[in-house]
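Asks: Below is the file coords20.txt, which contains compact mmCIF, C-alpha atoms.
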```txt
# COMPACT_ATOMS: atom_id res chain seq x y z
CA MET P 1 83.94 36.32 10.82
CA ASP P 2 81.66 37.59 8.08
CA LYS P 3 83.31 39.35 5.17
CA ILE P 4 83.09 43.13 5.20
CA LYS P 5 80.87 44.29 2.35
CA ILE P 6 81.66 47.35 0.22
CA THR P 7 79.25 48.48 -2.47
CA LEU P 8 81.28 48.98 -5.63
CA PRO P 9 80.11 51.22 -8.47
CA ALA P 10 78.64 49.11 -11.25
CA GLN P 11 81.46 49.95 -13.69
CA VAL P 12 84.16 49.07 -11.14
CA ALA P 13 82.46 45.76 -10.38
CA GLU P 14 82.21 45.08 -14.13
CA ILE P 15 85.93 45.71 -14.71
CA ILE P 16 86.93 43.49 -11.79
CA ASP P 17 84.54 40.75 -12.93
CA LYS P 18 85.87 40.78 -16.51
CA LEU P 19 89.46 40.55 -15.28
CA ASN P 20 88.52 37.71 -12.92
CA SER P 21 86.70 35.90 -15.71
CA ALA P 22 89.83 36.15 -17.86
CA GLY P 23 91.81 34.39 -15.11
CA TYR P 24 93.39 37.40 -13.38
CA GLU P 25 93.14 38.80 -9.88
CA ALA P 26 91.64 42.29 -9.63
CA TYR P 27 90.65 44.56 -6.75
CA ALA P 28 89.58 48.06 -5.87
CA VAL P 29 92.55 49.43 -3.94
CA GLY P 30 93.82 52.27 -1.80
CA GLY P 31 91.89 55.38 -0.85
CA CYS P 32 88.56 54.20 -2.22
CA VAL P 33 88.65 51.17 0.08
CA ARG P 34 89.71 53.31 3.04
CA ASP P 35 86.97 55.87 2.46
CA SER P 36 84.32 53.20 1.92
CA LEU P 37 85.22 51.58 5.22
CA LEU P 38 84.99 54.98 6.92
CA GLY P 39 81.57 55.63 5.41
CA ARG P 40 82.94 58.42 3.22
CA GLU P 41 82.20 58.88 -0.49
CA PRO P 42 85.32 57.96 -2.50
CA HIS P 43 86.43 60.54 -5.06
CA ASP P 44 88.13 57.99 -7.32
CA TRP P 45 88.08 54.24 -7.71
CA ASP P 46 91.47 52.73 -8.51
CA ILE P 47 91.78 49.12 -9.60
CA THR P 48 94.82 46.89 -9.29
CA THR P 49 95.28 43.61 -11.14
CA SER P 50 97.68 40.78 -11.82
CA ALA P 51 97.11 41.33 -15.55
CA THR P 52 99.81 43.23 -17.44
CA PRO P 53 98.83 46.45 -19.22
CA TYR P 54 98.75 44.67 -22.57
CA GLU P 55 96.61 41.89 -21.13
CA VAL P 56 94.21 44.54 -19.80
CA LYS P 57 94.11 46.17 -23.23
CA GLY P 58 93.27 42.80 -24.76
CA ILE P 59 90.23 42.40 -22.49
CA PHE P 60 88.64 45.84 -22.88
CA ARG P 61 87.63 47.46 -26.14
CA ARG P 62 88.28 51.08 -25.19
CA THR P 63 91.45 51.95 -23.27
CA VAL P 64 93.91 54.81 -22.97
CA ASP P 65 97.62 54.32 -22.26
CA THR P 66 97.67 56.65 -19.25
CA GLY P 67 100.99 55.50 -17.84
CA ILE P 68 101.66 52.19 -19.47
CA LYS P 69 105.37 52.20 -18.56
CA HIS P 70 104.33 52.22 -14.90
CA GLY P 71 101.56 49.71 -15.46
CA THR P 72 98.53 51.99 -15.73
CA VAL P 73 95.84 51.77 -18.38
CA THR P 74 92.59 53.75 -18.26
CA VAL P 75 89.58 51.61 -19.12
CA LEU P 76 86.70 53.59 -20.64
CA LEU P 77 83.15 52.50 -19.88
CA GLY P 78 80.53 54.88 -21.19
CA ASP P 79 81.65 58.43 -20.42
CA GLU P 80 83.84 57.44 -17.48
CA GLY P 81 87.44 56.28 -17.21
CA PHE P 82 88.89 54.00 -14.53
CA GLU P 83 92.60 53.53 -13.94
CA VAL P 84 93.69 49.90 -13.89
CA THR P 85 97.25 49.31 -12.70
CA THR P 86 99.24 46.10 -12.76
CA PHE P 87 100.60 44.76 -9.46
CA ARG P 88 104.10 46.19 -9.33
CA VAL P 89 107.29 46.51 -7.34
CA ASP P 90 109.10 49.84 -7.44
CA GLY P 91 112.83 50.06 -8.11
CA GLU P 92 115.31 52.47 -6.50
CA TYR P 93 114.25 56.03 -5.66
CA SER P 94 117.25 58.29 -6.23
CA ASP P 95 115.30 61.57 -5.98
CA HIS P 96 113.01 60.76 -3.00
CA ARG P 97 110.05 61.10 -5.34
CA HIS P 98 109.99 58.74 -8.36
CA PRO P 99 111.21 55.16 -8.83
CA GLU P 100 113.87 54.81 -11.52
CA GLU P 101 112.03 51.75 -12.79
CA VAL P 102 109.12 49.50 -11.92
CA SER P 103 108.70 45.79 -12.41
CA PHE P 104 105.42 43.93 -12.61
CA THR P 105 104.52 41.13 -10.23
CA ARG P 106 101.71 38.62 -9.95
CA GLU P 107 101.66 38.98 -6.12
CA LEU P 108 99.16 41.36 -4.52
CA SER P 109 101.15 41.33 -1.28
CA GLU P 110 104.18 42.87 -3.03
CA ASP P 111 102.03 45.58 -4.60
CA LEU P 112 100.40 46.54 -1.31
CA LEU P 113 103.76 46.63 0.49
CA ARG P 114 105.00 49.50 -1.72
CA ARG P 115 102.10 51.76 -0.67
CA ASP P 116 102.41 54.56 1.86
CA PHE P 117 100.20 53.86 4.89
CA THR P 118 98.40 50.79 6.16
CA ILE P 119 94.99 52.43 5.80
CA ASN P 120 95.78 52.94 2.09
CA ALA P 121 97.16 49.43 1.59
CA MET P 122 93.92 47.47 1.56
CA ALA P 123 92.22 45.91 -1.46
CA TYR P 124 88.68 44.73 -2.06
CA SER P 125 86.72 42.56 -4.44
CA GLU P 126 83.35 40.95 -4.00
CA PRO P 127 84.74 37.39 -4.13
CA THR P 128 87.47 38.03 -1.52
CA GLY P 129 86.09 40.83 0.65
CA VAL P 130 88.68 43.16 2.19
CA VAL P 131 92.28 42.05 1.74
CA ASP P 132 94.20 43.54 4.68
CA LEU P 133 97.75 42.19 4.89
CA TYR P 134 99.37 45.02 6.89
CA GLY P 135 96.93 45.97 9.65
CA GLY P 136 94.95 48.71 7.92
CA LEU P 137 91.61 47.71 9.48
CA SER P 138 93.08 47.84 12.97
CA ASP P 139 94.68 51.21 12.30
CA LEU P 140 91.40 52.57 10.92
CA GLU P 141 89.65 51.42 14.07
CA ASN P 142 92.36 52.96 16.29
CA LYS P 143 92.53 56.12 14.16
CA VAL P 144 96.23 55.78 13.44
CA ILE P 145 98.36 56.81 10.46
CA LYS P 146 101.10 54.18 10.19
CA ALA P 147 103.59 53.53 7.42
CA VAL P 148 103.45 50.18 5.66
CA GLY P 149 106.47 48.10 6.67
CA ASP P 150 109.64 50.11 7.33
CA PRO P 151 108.71 53.83 7.66
CA ASP P 152 112.26 54.95 6.84
CA ALA P 153 112.09 53.06 3.55
CA ARG P 154 108.65 54.49 2.73
CA PHE P 155 109.76 58.12 3.28
CA ASP P 156 113.09 57.53 1.55
CA GLU P 157 111.14 56.34 -1.49
CA ASP P 158 108.76 59.30 -1.62
CA ALA P 159 109.35 62.31 0.59
CA LEU P 160 105.87 63.71 -0.14
CA ARG P 161 104.54 60.93 2.08
CA ILE P 162 105.95 62.91 5.01
CA MET P 163 103.37 65.62 4.38
CA ARG P 164 100.68 63.14 3.44
CA ALA P 165 100.96 61.54 6.89
CA VAL P 166 100.05 64.78 8.66
CA ARG P 167 97.51 65.69 5.97
CA PHE P 168 95.63 62.41 6.40
CA ALA P 169 95.73 62.89 10.17
CA ALA P 170 94.17 66.33 9.69
CA GLN P 171 91.51 65.16 7.24
CA LEU P 172 90.50 62.11 9.27
CA GLY P 173 91.14 63.32 12.82
CA PHE P 174 93.75 60.56 13.31
CA THR P 175 97.15 60.58 15.03
CA VAL P 176 100.47 59.60 13.47
CA GLU P 177 101.99 56.41 14.94
CA GLU P 178 105.18 56.92 16.97
CA ASN P 179 107.63 54.99 14.74
CA THR P 180 106.19 56.77 11.72
CA LYS P 181 106.65 60.12 13.50
CA ALA P 182 110.26 59.32 14.32
CA ALA P 183 110.95 58.46 10.68
CA ILE P 184 109.35 61.74 9.57
CA VAL P 185 111.74 63.67 11.82
CA ARG P 186 114.69 61.78 10.31
CA HIS P 187 113.60 62.40 6.72
CA ALA P 188 111.88 65.82 6.76
CA GLU P 189 114.84 67.40 4.94
CA PHE P 190 113.99 65.26 1.90
CA LEU P 191 110.97 67.52 1.32
CA ARG P 192 113.43 69.90 -0.34
CA ASP P 193 113.44 67.44 -3.25
CA VAL P 194 109.66 67.76 -3.75
CA SER P 195 108.21 70.32 -6.16
CA ALA P 196 106.55 73.45 -4.77
CA GLU P 197 103.30 72.57 -6.53
CA ARG P 198 103.05 69.23 -4.71
CA ILE P 199 103.93 70.83 -1.38
CA GLU P 200 101.20 73.43 -1.90
CA THR P 201 98.63 70.76 -2.77
CA GLU P 202 99.30 68.87 0.47
CA LEU P 203 99.46 72.06 2.55
CA THR P 204 96.12 73.17 1.12
CA LYS P 205 94.50 69.84 1.96
CA LEU P 206 95.90 70.03 5.48
CA ILE P 207 94.79 73.57 6.33
CA THR P 208 91.35 73.24 4.68
CA SER P 209 90.70 70.02 6.62
CA PRO P 210 88.50 69.80 9.74
CA HIS P 211 91.73 69.87 11.79
CA PRO P 212 94.03 72.71 10.64
CA GLU P 213 95.61 72.55 14.10
CA LYS P 214 97.56 69.55 12.82
CA LEU P 215 99.89 72.17 11.34
CA ILE P 216 101.36 72.23 14.85
CA ASP P 217 102.25 68.55 14.38
CA ALA P 218 104.01 69.54 11.15
CA TYR P 219 105.98 72.10 13.16
CA GLN P 220 106.89 69.63 15.90
CA LEU P 221 108.01 67.03 13.34
CA GLY P 222 110.29 69.47 11.50
CA ILE P 223 108.14 69.69 8.37
CA THR P 224 107.39 73.40 8.46
CA ALA P 225 111.08 74.16 9.08
CA VAL P 226 111.56 72.99 5.49
CA ILE P 227 108.36 74.04 3.70
CA LEU P 228 107.24 77.08 5.73
CA PRO P 229 109.98 78.32 8.08
CA GLU P 230 108.00 81.51 8.67
CA PHE P 231 105.50 79.44 10.67
CA ASP P 232 108.26 78.22 12.99
CA LYS P 233 109.07 81.83 13.86
CA MET P 234 105.39 82.43 14.60
CA MET P 235 105.28 79.42 16.93
CA GLU P 236 108.30 80.81 18.76
CA THR P 237 107.00 84.41 19.09
CA PRO P 238 105.05 85.13 22.30
CA GLN P 239 102.53 87.97 22.49
CA ASN P 240 102.88 89.67 25.84
CA ASN P 241 99.89 91.89 25.31
CA PRO P 242 96.53 92.04 27.16
CA PHE P 243 94.67 91.43 23.88
CA HIS P 244 96.30 88.03 23.41
CA LYS P 245 96.40 84.66 25.18
CA TYR P 246 98.47 82.67 22.66
CA ASP P 247 101.80 82.98 20.90
CA VAL P 248 101.53 84.10 17.28
CA GLY P 249 101.48 80.55 15.91
CA ARG P 250 98.74 79.19 18.17
CA HIS P 251 96.70 82.35 17.69
CA THR P 252 96.99 81.76 13.94
CA ILE P 253 95.72 78.19 14.35
CA ALA P 254 92.71 79.49 16.31
CA VAL P 255 91.94 81.96 13.51
CA MET P 256 92.16 79.21 10.88
CA GLN P 257 89.74 77.10 12.91
CA ASN P 258 87.22 79.95 12.90
CA VAL P 259 87.15 80.89 9.21
CA PRO P 260 85.37 78.84 6.51
CA ALA P 261 87.32 75.85 5.19
CA VAL P 262 87.95 77.65 1.89
CA ARG P 263 91.43 77.75 0.39
CA ALA P 264 91.86 81.53 0.21
CA MET P 265 90.31 82.11 3.63
CA ARG P 266 92.46 79.51 5.37
CA PHE P 267 95.63 80.82 3.70
CA ALA P 268 94.67 84.39 4.65
CA ALA P 269 94.24 83.23 8.23
CA LEU P 270 97.57 81.41 8.08
CA PHE P 271 99.39 84.49 6.79
CA HIS P 272 97.49 87.31 8.54
CA ASP P 273 100.01 87.69 11.40
CA MET P 274 103.03 86.17 9.68
CA ALA P 275 104.99 89.45 9.86
CA LYS P 276 104.55 89.81 13.62
CA PRO P 277 107.92 88.21 14.45
CA GLU P 278 109.57 90.78 12.17
CA CYS P 279 107.56 93.73 13.52
CA LYS P 280 107.67 92.94 17.24
CA THR P 281 108.76 95.66 19.67
CA THR P 282 108.47 95.71 23.46
CA ASP P 283 107.77 98.90 25.39
CA GLU P 284 109.10 99.95 28.79
CA ALA P 285 106.23 98.21 30.54
CA GLY P 286 107.06 94.91 28.85
CA ILE P 287 104.06 95.05 26.51
CA ASP P 288 104.63 93.71 22.99
CA HIS P 289 103.52 95.68 19.93
CA PHE P 290 103.41 94.68 16.25
CA LYS P 291 102.98 97.93 14.34
CA MET P 292 102.48 97.72 10.56
CA HIS P 293 102.46 93.91 10.63
CA SER P 294 99.45 93.77 8.29
CA VAL P 295 101.24 95.87 5.64
CA LYS P 296 104.48 93.90 5.85
CA GLY P 297 102.50 90.67 6.14
CA ALA P 298 100.74 91.29 2.84
CA ASP P 299 104.10 91.47 1.07
CA MET P 300 105.38 88.38 2.91
CA ALA P 301 102.24 86.46 1.98
CA VAL P 302 102.75 87.26 -1.71
CA SER P 303 106.37 86.13 -1.54
CA ILE P 304 105.45 82.83 0.13
CA MET P 305 102.53 82.14 -2.21
CA ARG P 306 104.74 82.72 -5.22
CA ARG P 307 107.31 80.38 -3.72
CA LEU P 308 104.53 77.78 -3.49
CA LYS P 309 103.54 78.47 -7.14
CA MET P 310 100.00 79.48 -6.20
CA ASP P 311 97.64 81.00 -8.77
CA ASN P 312 97.33 84.77 -9.19
CA ASP P 313 93.67 84.97 -8.19
CA THR P 314 94.34 83.33 -4.84
CA ILE P 315 97.42 85.48 -4.29
CA LYS P 316 95.38 88.63 -4.93
CA ARG P 317 92.54 87.58 -2.62
CA VAL P 318 94.83 86.50 0.21
CA LYS P 319 97.02 89.61 -0.04
CA ARG P 320 93.94 91.84 0.17
CA LEU P 321 92.70 90.06 3.29
CA VAL P 322 96.07 90.09 5.05
CA TYR P 323 96.50 93.81 4.32
CA TRP P 324 93.02 94.77 5.58
CA HIS P 325 92.46 92.22 8.36
CA ASP P 326 93.16 94.75 11.13
CA TYR P 327 90.94 97.48 9.69
CA GLY P 328 88.68 98.97 12.38
CA ILE P 329 90.48 97.37 15.29
CA LYS P 330 90.73 100.71 17.13
CA GLY P 331 87.00 101.33 16.97
CA ASP P 332 87.37 104.57 15.03
CA VAL P 333 85.55 103.60 11.83
CA THR P 334 83.10 106.11 10.32
CA LYS P 335 80.88 105.69 7.30
CA LYS P 336 83.25 107.98 5.40
CA SER P 337 86.31 105.88 6.27
CA LEU P 338 84.40 102.65 5.62
CA ARG P 339 83.41 103.87 2.15
CA ARG P 340 87.08 104.52 1.43
CA MET P 341 88.02 101.08 2.69
CA LEU P 342 85.32 99.42 0.59
CA SER P 343 86.40 101.42 -2.47
CA GLN P 344 89.83 99.78 -2.26
CA PHE P 345 88.90 96.44 -0.74
CA GLY P 346 85.78 95.83 -2.81
CA ALA P 347 82.33 95.87 -1.25
CA GLU P 348 81.73 92.43 -2.74
CA ASN P 349 84.52 91.11 -0.50
CA PHE P 350 83.11 92.46 2.77
CA GLU P 351 82.02 89.03 4.05
CA ASP P 352 85.62 87.80 3.71
CA TYR P 353 86.82 90.76 5.78
CA TYR P 354 84.09 90.25 8.37
CA SER P 355 84.88 86.53 8.65
CA ILE P 356 88.59 86.97 9.24
CA ARG P 357 88.07 89.97 11.56
CA GLN P 358 85.64 87.92 13.65
CA ALA P 359 87.95 84.88 13.67
CA ASP P 360 90.89 87.07 14.67
CA MET P 361 88.86 88.37 17.60
CA LEU P 362 87.84 84.86 18.69
CA GLY P 363 91.50 83.84 18.74
CA GLN P 364 92.40 86.61 21.20
CA SER P 365 91.96 87.01 24.95
CA ASP P 366 88.72 88.07 26.66
CA TYR P 367 90.16 91.52 27.33
CA MET P 368 87.64 94.06 25.98
CA LEU P 369 85.98 91.24 24.04
CA GLU P 370 82.47 92.63 24.35
CA GLU P 371 83.66 96.03 23.14
CA LYS P 372 85.37 94.38 20.17
CA LYS P 373 82.22 92.44 19.28
CA ALA P 374 80.10 95.59 19.48
CA ASN P 375 82.58 97.48 17.31
CA LEU P 376 82.53 94.79 14.62
CA LEU P 377 78.72 94.75 14.63
CA ARG P 378 78.74 98.53 14.24
CA ILE P 379 80.98 98.18 11.16
CA ARG P 380 78.56 95.65 9.68
CA SER P 381 75.64 97.97 10.37
CA MET P 382 77.40 100.85 8.60
CA TYR P 383 78.25 98.57 5.69
CA GLU P 384 74.63 97.52 5.33
CA GLU P 385 73.56 101.19 5.33
CA ILE P 386 76.12 102.02 2.64
CA ILE P 387 74.87 99.18 0.45
CA ALA P 388 71.19 99.99 1.09
CA GLU P 389 71.81 103.63 0.18
CA ALA P 390 73.72 102.56 -2.96
CA ASP P 391 76.61 104.87 -2.12
CA CYS P 392 79.17 105.37 -4.88
CA LEU P 393 82.28 103.31 -4.13
CA THR P 394 84.05 103.01 -7.49
CA ILE P 395 84.62 105.11 -10.60
CA LYS P 396 82.07 103.05 -12.50
CA ASP P 397 79.45 104.08 -9.88
CA LEU P 398 79.92 107.78 -10.71
CA LYS P 399 77.05 109.50 -12.52
CA VAL P 400 79.55 110.73 -15.12
CA GLY P 401 82.02 108.86 -17.28
CA GLY P 402 85.02 109.60 -19.41
CA SER P 403 82.92 110.83 -22.35
CA ASP P 404 81.16 113.35 -20.09
CA VAL P 405 84.50 114.70 -18.87
CA MET P 406 85.80 115.00 -22.43
CA ALA P 407 82.59 116.83 -23.44
CA ILE P 408 83.55 119.76 -21.17
CA GLY P 409 86.88 120.18 -22.90
CA VAL P 410 89.26 117.64 -21.37
CA PRO P 411 91.30 115.95 -24.11
CA ALA P 412 91.36 112.16 -24.22
CA GLY P 413 94.24 110.78 -22.21
CA PRO P 414 95.51 110.34 -18.64
CA GLU P 415 93.91 113.60 -17.44
CA VAL P 416 90.45 112.10 -17.86
CA GLY P 417 91.33 109.33 -15.43
CA LYS P 418 92.82 111.82 -12.96
CA ILE P 419 89.62 113.87 -12.96
CA LEU P 420 87.44 110.79 -12.45
CA LYS P 421 89.62 109.73 -9.50
CA TYR P 422 89.32 113.25 -8.07
CA LEU P 423 85.54 113.11 -8.39
CA LEU P 424 85.40 109.68 -6.75
CA ASP P 425 87.48 111.01 -3.86
CA LYS P 426 84.95 113.81 -3.32
CA VAL P 427 81.95 111.48 -3.59
CA LEU P 428 83.44 109.03 -1.08
CA ASP P 429 83.47 111.92 1.39
CA ASP P 430 79.96 113.12 0.45
CA PRO P 431 77.74 110.68 -1.49
CA SER P 432 75.22 113.46 -2.20
CA CYS P 433 77.72 114.90 -4.70
CA ASN P 434 77.11 111.98 -7.04
CA GLU P 435 74.85 113.88 -9.41
CA LYS P 436 75.85 114.56 -12.99
CA GLU P 437 75.48 118.34 -12.85
CA LYS P 438 77.39 118.63 -9.56
CA LEU P 439 80.15 116.37 -10.76
CA LEU P 440 80.66 118.29 -13.98
CA GLN P 441 80.80 121.56 -12.02
CA MET P 442 83.42 120.00 -9.73
CA ALA P 443 85.36 118.81 -12.77
CA GLU P 444 85.35 122.28 -14.30
CA ALA P 445 86.51 123.78 -10.99
CA TYR P 446 89.26 121.20 -10.82
CA MET P 447 90.43 122.13 -14.32
CA THR P 448 90.40 125.83 -13.43
CA GLU P 449 92.50 125.23 -10.34
CA ARG P 450 95.00 123.19 -12.40
CA PRO P 451 95.19 124.97 -15.77
CA GLU P 452 98.62 123.54 -16.52
CA GLN P 453 97.11 120.03 -16.41
CA SER P 454 94.09 120.73 -18.62
```
Just dump the structure as structure tokens.

Replies:
Amino acid sequence: MDKIKITLPAQVAEIIDKLNSAGYEAYAVGGCVRDSLLGREPHDWDITTSATPYEVKGIFRRTVDTGIKHGTVTVLLGDEGFEVTTFRVDGEYSDHRHPEEVSFTRELSEDLLRRDFTINAMAYSEPTGVVDLYGGLSDLENKVIKAVGDPDARFDEDALRIMRAVRFAAQLGFTVEENTKAAIVRHAEFLRDVSAERIETELTKLITSPHPEKLIDAYQLGITAVILPEFDKMMETPQNNPFHKYDVGRHTIAVMQNVPAVRAMRFAALFHDMAKPECKTTDEAGIDHFKMHSVKGADMAVSIMRRLKMDNDTIKRVKRLVYWHDYGIKGDVTKKSLRRMLSQFGAENFEDYYSIRQADMLGQSDYMLEEKKANLLRIRSMYEEIIAEADCLTIKDLKVGGSDVMAIGVPAGPEVGKILKYLLDKVLDDPSCNEKEKLLQMAEAYMTERPEQS
């Protein structure tokens, strides 16, 4: 059979060639080989070699000791750096995350055996073609995520691999092999030993993938019970309500599938109904209700995101979307109420609201679907009118500022802000009031009515 050909970047081919010329084995390895075989553009090119770190340093003029204790040296060619790692065998893993020690080996087979999944345990060089000792090519063809060797040993070594299995399945549209699944179930508890930051990274990659529905696999394998127990409650909460056809968890998956694959949007979709299990009530007719779930859900989302060590900007954006995702659901929106909503939500964020509102609707039953679509389009139409008319939505849009208020006798201090908020409140009700003379008259009237505050 002809050798499979992968086109290596020129610098990668140069590094491998120089190592070969010096008498050492060297290969591109791991994800870059997998992605190349799948016709995807690799993000990084990792190189593995039989040369020790100090032998690598002796061959290349410019290197950085990235992780020399673990065998990794970064070779600098031009403005780019490429990690070159010595074939190695990992020692004992006492924390289900890091080996206590590593030892170098001259055998590629031993290095590939320590890797996580067969599709990531292939190597390539132009002289040898693809080196596939553990069935990675077959598993790529069959779209299977399978642990290299003993799956229990692989997950015992590094518990994060448990999440990586489902994440790769989501990114590639693959399924997890049965023995690998069984080992995940046995070892899911070890995820408690993994840092929140690493959990969040894998969760983000999973839910922003083309297949966020693989989160259901994470639930079935016991992963979410450890990293996101709130999702388990959602999966186990039915919605006996004419507006719904799924339980809370599967409805949530449908919403995630219908919003853009952007981190904040997918997390907002994930969290938007997370408080429903806590807010559920059932009336005399057996109909379920979830009053105030968006308000409680916003607080829950913040708590979970902080637990996952997420950044403040994402937390703010997701909280805002969870809080407002149900706005307008009753069809009672007016331009006045929409201006008030936009004043708090931010007109610049309207497309986020529209996206999650639309996705929420698409994840529901067909009951009153046409009415819901028409209502959402009416909200968009009103929004477009508000923007076209340049209605005042924030204090900075007012035709007066703090200096104008102080010029009519209000001393500098908190009262200036109170008056500006009062004026904004009036203008949100009636945009025609946003004229300097009118606003100053309103401010003076406000001061007269509240002399003790002036």

Asks: Which is closer to Phe104 (chain P) than all the others in P:Phe290, P:Met122, P:Asp35, P:Thr52, using all atoms listed in the file?

Replies: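 The shortest atom-to-atom distance to Phe104 (chain P) comes from P:Thr52.
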
Asks: Ranking P:Ile184, P:Val318, P:Ile287, P:Ala169 by minimum distance to Pro151 (chain P) and counting all atoms listed in the file, which one comes first?

Replies: P:Ile184

Asks: To one decimal in Å, tell me the separation between CA of Glu197 (chain P) and CA of Thr237 (chain P).

Replies: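 These atoms are spaced 28.5 Å apart.
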
Asks: Could you check which of P:Pro210, P:Gly31, P:Gly39, P:Gly286 is closest to Val259 (chain P), using only C-alpha atoms?

Replies: P:Pro210

Asks: Taking into account only C-alpha atoms, which residue in the set P:Ile47, P:Pro411, P:Gln171, P:Val84 is nearest to Asp65 (chain P)?

Replies: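 Residue with the minimum atom-to-atom distance to Asp65 (chain P): P:Val84.
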
Asks: So what do you get for CA of Asp116 (chain P) versus CA of Arg164 (chain P), distance-wise?

Replies: 8.9 Å

Asks: What is the CA of Arg115 (chain P)-CA of Arg154 (chain P) distance in Å, reported with one decimal?

Replies: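 Calculated distance between CA of Arg115 (chain P) and CA of Arg154 (chain P) is 7.9 Å.
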
Asks: Would you list the contacts of Ala301 (chain P) as a short mmCIF file (atom, residue, chain, number, x, y, z; two decimals) with C-alpha atoms, keeping the file's coordinate frame, taking every protein, DNA or RNA residue within 12 Å and counting all atoms listed in the file, but skipping same-chain residues closer than 4 positions in sequence?

Replies:
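So around14.cif came out as:
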```
data_model
loop_
_atom_site.label_atom_id
_atom_site.label_comp_id
_atom_site.auth_asym_id
_atom_site.auth_seq_id
_atom_site.Cartn_x
_atom_site.Cartn_y
_atom_site.Cartn_z
CA LEU P 228 107.24 77.08 5.73
CA GLU P 230 108.00 81.51 8.67
CA PHE P 231 105.50 79.44 10.67
CA ALA P 264 91.86 81.53 0.21
CA PHE P 267 95.63 80.82 3.70
CA ALA P 268 94.67 84.39 4.65
CA ALA P 269 94.24 83.23 8.23
CA LEU P 270 97.57 81.41 8.08
CA PHE P 271 99.39 84.49 6.79
CA HIS P 272 97.49 87.31 8.54
CA ASP P 273 100.01 87.69 11.40
CA MET P 274 103.03 86.17 9.68
CA ALA P 275 104.99 89.45 9.86
CA HIS P 293 102.46 93.91 10.63
CA SER P 294 99.45 93.77 8.29
CA VAL P 295 101.24 95.87 5.64
CA LYS P 296 104.48 93.90 5.85
CA GLY P 297 102.50 90.67 6.14
CA MET P 305 102.53 82.14 -2.21
CA ARG P 306 104.74 82.72 -5.22
CA ARG P 307 107.31 80.38 -3.72
CA LEU P 308 104.53 77.78 -3.49
CA MET P 310 100.00 79.48 -6.20
CA THR P 314 94.34 83.33 -4.84
CA ILE P 315 97.42 85.48 -4.29
CA LYS P 316 95.38 88.63 -4.93
CA ARG P 317 92.54 87.58 -2.62
CA VAL P 318 94.83 86.50 0.21
CA LYS P 319 97.02 89.61 -0.04
CA ARG P 320 93.94 91.84 0.17
CA LEU P 321 92.70 90.06 3.29
CA VAL P 322 96.07 90.09 5.05
CA TYR P 323 96.50 93.81 4.32
#
```

Asks: List as a VMD selection string the protein and nucleic acid residues near Lys18 (chain P), meaning an atom at most 12 Å away when only C-alpha atoms are counted, but skip any in the same chain fewer than 3 places from it.

Replies: chain P and resid 11 to 15 21 to 27 49 51 55 to 61 75

Asks: For Asn179 (chain P), please output as an mmCIF file with C-alpha atoms, keeping the file's coordinate frame all residues within 10 Å (counting all atoms listed in the file; exclusion window: fewer than 6 positions along the same chain).

Replies:
```cif
data_model
loop_
_atom_site.group_PDB
_atom_site.id
_atom_site.type_symbol
_atom_site.label_atom_id
_atom_site.label_comp_id
_atom_site.auth_asym_id
_atom_site.auth_seq_id
_atom_site.Cartn_x
_atom_site.Cartn_y
_atom_site.Cartn_z
ATOM 1 C CA LYS P 146 101.100 54.180 10.190
ATOM 2 C CA ALA P 147 103.590 53.530 7.420
ATOM 3 C CA ASP P 150 109.640 50.110 7.330
ATOM 4 C CA PRO P 151 108.710 53.830 7.660
ATOM 5 C CA ASP P 152 112.260 54.950 6.840
#
```

Asks: Draw an axis-aligned box over all listed atoms of region 366-385 of chain P, pad each side with 4 Å, and write its centre and edge lengths in Å, one decimal, as AutoDock Vina command-line options.

Replies:
```
--center_x 81.9 --center_y 94.6 --center_z 16.3 --size_x 24.6 --size_y 21.1 --size_z 30.0
```

Asks: Name the residues in contact with Lys143 (chain P) at a cut-off of 12 Å, using only C-alpha atoms, excluding same-chain residues fewer than 6 positions from it; report them as a VMD selection string.

Replies: chain P and resid 34 38 118 to 119 135 to 137 168 to 177

Asks: Using the selection just defined, write its residues with C-alpha atoms as a PDB file, keeping the file's coordinate frame.

Replies:
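Full text of result06.pdb as output:
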```pdb
ATOM      1  CA  ARG P  34      89.710  53.310   3.040  1.00  0.00           C
ATOM      2  CA  LEU P  38      84.990  54.980   6.920  1.00  0.00           C
ATOM      3  CA  THR P 118      98.400  50.790   6.160  1.00  0.00           C
ATOM      4  CA  ILE P 119      94.990  52.430   5.800  1.00  0.00           C
ATOM      5  CA  GLY P 135      96.930  45.970   9.650  1.00  0.00           C
ATOM      6  CA  GLY P 136      94.950  48.710   7.920  1.00  0.00           C
ATOM      7  CA  LEU P 137      91.610  47.710   9.480  1.00  0.00           C
ATOM      8  CA  PHE P 168      95.630  62.410   6.400  1.00  0.00           C
ATOM      9  CA  ALA P 169      95.730  62.890  10.170  1.00  0.00           C
ATOM     10  CA  ALA P 170      94.170  66.330   9.690  1.00  0.00           C
ATOM     11  CA  GLN P 171      91.510  65.160   7.240  1.00  0.00           C
ATOM     12  CA  LEU P 172      90.500  62.110   9.270  1.00  0.00           C
ATOM     13  CA  GLY P 173      91.140  63.320  12.820  1.00  0.00           C
ATOM     14  CA  PHE P 174      93.750  60.560  13.310  1.00  0.00           C
ATOM     15  CA  THR P 175      97.150  60.580  15.030  1.00  0.00           C
ATOM     16  CA  VAL P 176     100.470  59.600  13.470  1.00  0.00           C
ATOM     17  CA  GLU P 177     101.990  56.410  14.940  1.00  0.00           C
TER      18      GLU P 177
END
```

Asks: With a distance cut-off of 10 Å and all atoms listed in the file, select the neighbouring residues of Gln358 (chain P), excluding the residue or stretch itself and same-chain residues fewer than 5 positions from it, and output the selection as an MDAnalysis selection string.

Replies: chainID P and resid 255 258:259 325 352:353 363 372:373 376:377
